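Peer 1: Pasting a structure below so you can have a look.
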Amino acid sequence: MAYKTVLGPRTYLFSDLKDLLAKASPLRSGDDLAGISARSQEERVAAQMALSELYLSEFLNTELIPAEIDEISRLILERHDKEAFGKISHLTVGGFRDYLLKESTDTRTLSDLIWGITPEMAAAVSKLMSNQDLILVAKKCNVISKFRNTLGMPGRLSVRLQPNHPTDDPRGVAASILDGLLLGSGDAVIGINPATDNVPTVIALLEMLDSIIRRGSIPTQSCVLCHITTSMEVMKRKAPLDLVFQSIGGTEALNKSFGVDLSLIREAYEMALELRRGTVGQNLMYFETGQGSALSAGAHHGADQQTLEVRAYAVAREFSPLLVNTVVGFIGPEYLFNGKQILRAGLEDHFCGKLLGLPMGVDICYTNHADADQDDMDTLLTLLGVAGCNYIMGVPGADDIMLSYQSTSFHDALYLRQVLGLRPAPEFESWLLSHGIFSPETGLLPKAENGFRLLEGILNGKD
């Protein structure tokens, strides 16, 4: 079905829903690279006008990628809740935007809608929203997840402590962990990107992480971000695995390029559930996503990168994850050219994920050949803090020496907590206070260097 908009003397035609969504997307280099973006700002506005008049039910009647060839499309259709959708089925995409922005549309209202909203609906409405709109609605979407602590509560900001090392040297990893803990980071997860994805290395890192967490009685969880099949082998060998990690995407073909499909993810998920390592909850999956990966893998089916990113969230919410992390600028300028595109993508991903009921975090980052700098990251960091982002990354010095990209630091998290009055996860906050790392008076770092007690406890096997 074709769509059209008349703007003055010109009539703009869009061949199908996929074309309409692509041309309604805010400018980004990945869609330009794919040859599917609007050819002018006027055409983009025309597409957004046509999209705003589309009824939400159109997304149930029109397949972006045929279900016959794509299991993500089948999953989206199978999981759609018609009763929940009934509350918004009369709305156009433009009307849905207005509905989301209403003061009367609160957290409870949005929570009841989660399974009535398809990823394509979420992507469509985000294309009509300003940055301010994306922040306002995301702020209303509280998504709480639990394993050894409680993440995502209002007024809280957690941090993934990311102690990567270029050779997986346990001493270097341990030094970064101590650095992060002493600066109040690590409540989302202590998560290592291993330099080598092999079973012995992963087991050695997991055992070290488990030892630190147990010795310090730290209410947090660990993860080594290896391939899901490596995690499954590690579990078979009885290693202390807390969370199962996997990169995912919004098409079956993309996930195959990652070496996974839904059945494999489900098998790993059920294996991890049987370990019962969580103490306050059993959300144990950790997914990473990012715009542009489908185009990079030649698995995009002609759809725009933002819509495909949101389809990845259909995969994530199938497995009740503890953490979903959109790594927003890691893929490079071919897909997100500059700070403006990275900022917009970060807000879109966070909004769409939260609208679909996911515990969203954002790796606020850029590669060194992107047209972006740390000031751009400061801006996105602050906006995401206002929007209620569940967690961010904590990397020593904001410079990941293993992955060679720029992210956010332990100090960035301290800045955001201080400027917005945000606090760590409650169980982790109690631990920080009990160890003298945070001051009971201010909830921030004390001036005295009381953190040496933690260092001694971990190194000597004492708390």
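If you're wondering about the labels, chains in the structure tokens are A, B, ... by order shown, residues count from 1 in each chain, ligands from 1 in order shown.
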So which residues touch Gly302 in chain A within 10 Å, counting only C-alpha atoms, skipping near sequence neighbours fewer than 2 positions away, as a PDB file with C-alpha atoms, in the first residue's frame?
Peer 2:
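What follows is the written file around.pdb:
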ATOM      1  CA  LYS A  18       8.824   0.422   5.252  1.00  0.00           C
ATOM      2  CA  ASP A  19       9.553   3.319   2.898  1.00  0.00           C
ATOM      3  CA  ALA A  22      12.542   5.158   6.694  1.00  0.00           C
ATOM      4  CA  ASP A  31      19.962   5.204   6.379  1.00  0.00           C
ATOM      5  CA  ALA A  34      21.429   2.143   2.737  1.00  0.00           C
ATOM      6  CA  GLY A  35      19.828   4.545   0.235  1.00  0.00           C
ATOM      7  CA  ILE A  36      16.485   4.616   2.041  1.00  0.00           C
ATOM      8  CA  LEU A  64       7.462  -4.870   7.615  1.00  0.00           C
ATOM      9  CA  ILE A  65       9.390  -8.114   7.158  1.00  0.00           C
ATOM     10  CA  ALA A 294      21.480  -4.984  10.705  1.00  0.00           C
ATOM     11  CA  LEU A 295      22.772  -2.868   7.822  1.00  0.00           C
ATOM     12  CA  GLY A 298      23.503  -7.108   5.309  1.00  0.00           C
ATOM     13  CA  ALA A 299      20.377  -8.195   7.184  1.00  0.00           C
ATOM     14  CA  HIS A 300      18.202  -5.074   7.178  1.00  0.00           C
ATOM     15  CA  ASP A 304      15.548   1.866   8.596  1.00  0.00           C
ATOM     16  CA  GLN A 305      18.030   1.270  11.373  1.00  0.00           C
ATOM     17  CA  LEU A 308      15.087  -2.463  13.345  1.00  0.00           C
TER      18      LEU A 308
END
Peer 1: For Met402 in chain A, please output as a list in words all residues within 6 Å (counting only C-alpha atoms; exclusion window: fewer than 6 positions along the same chain).
Peer 2: Asn164, His165 and Pro166 of chain A
Peer 1: Of the candidates A:Asn390, A:Ser257, A:Thr62, A:Thr408, which shows the shortest atom-to-atom distance to Arg156 in chain A, using only C-alpha atoms?
Peer 2: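 Ranking A:Asn390, A:Ser257, A:Thr62, A:Thr408 by distance to Arg156 in chain A, first place goes to A:Asn390.
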Peer 1: With only C-alpha atoms as the atoms that count, which of A:Val310, A:Leu323, A:Met271, A:Leu254 lies nearest to Met235 in chain A?
Peer 2: A:Met271
Peer 1: Apply DSSP to the structure's backbone, then extract all residues of range 317-437 of chain A labelled alpha helix (DSSP H) and return them as a ChimeraX atom specification.
Peer 2: /A:317,339-355,374-387,410-420,426-434
Peer 1: Between A:Met1, A:Ile364, A:Met49, A:Leu355, which residue has the minimum interatomic distance to Met121 in chain A, considering only C-alpha atoms?
Peer 2: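 Using only C-alpha atoms, the shortest distance to Met121 in chain A belongs to A:Leu355.
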Peer 1: Nearest to Lys256 in chain A: which of A:Leu101, A:Ile72, A:Asp179, A:Arg44 is it, counting only C-alpha atoms?
Peer 2: A:Ile72
Peer 1: What's the 7 Å shell around range 368-372 of chain A, counting only C-alpha atoms, without same-chain residues fewer than 6 positions away, as a count of residues only?
Peer 2: 6
Peer 1: Select, from A:Ala239, A:Ala84, A:Ile177, A:Ala122, the residue with the minimum atom-to-atom distance to Leu134 in chain A, counting only C-alpha atoms.
Peer 2: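 The answer is A:Ala122, which sits nearest to Leu134 in chain A.
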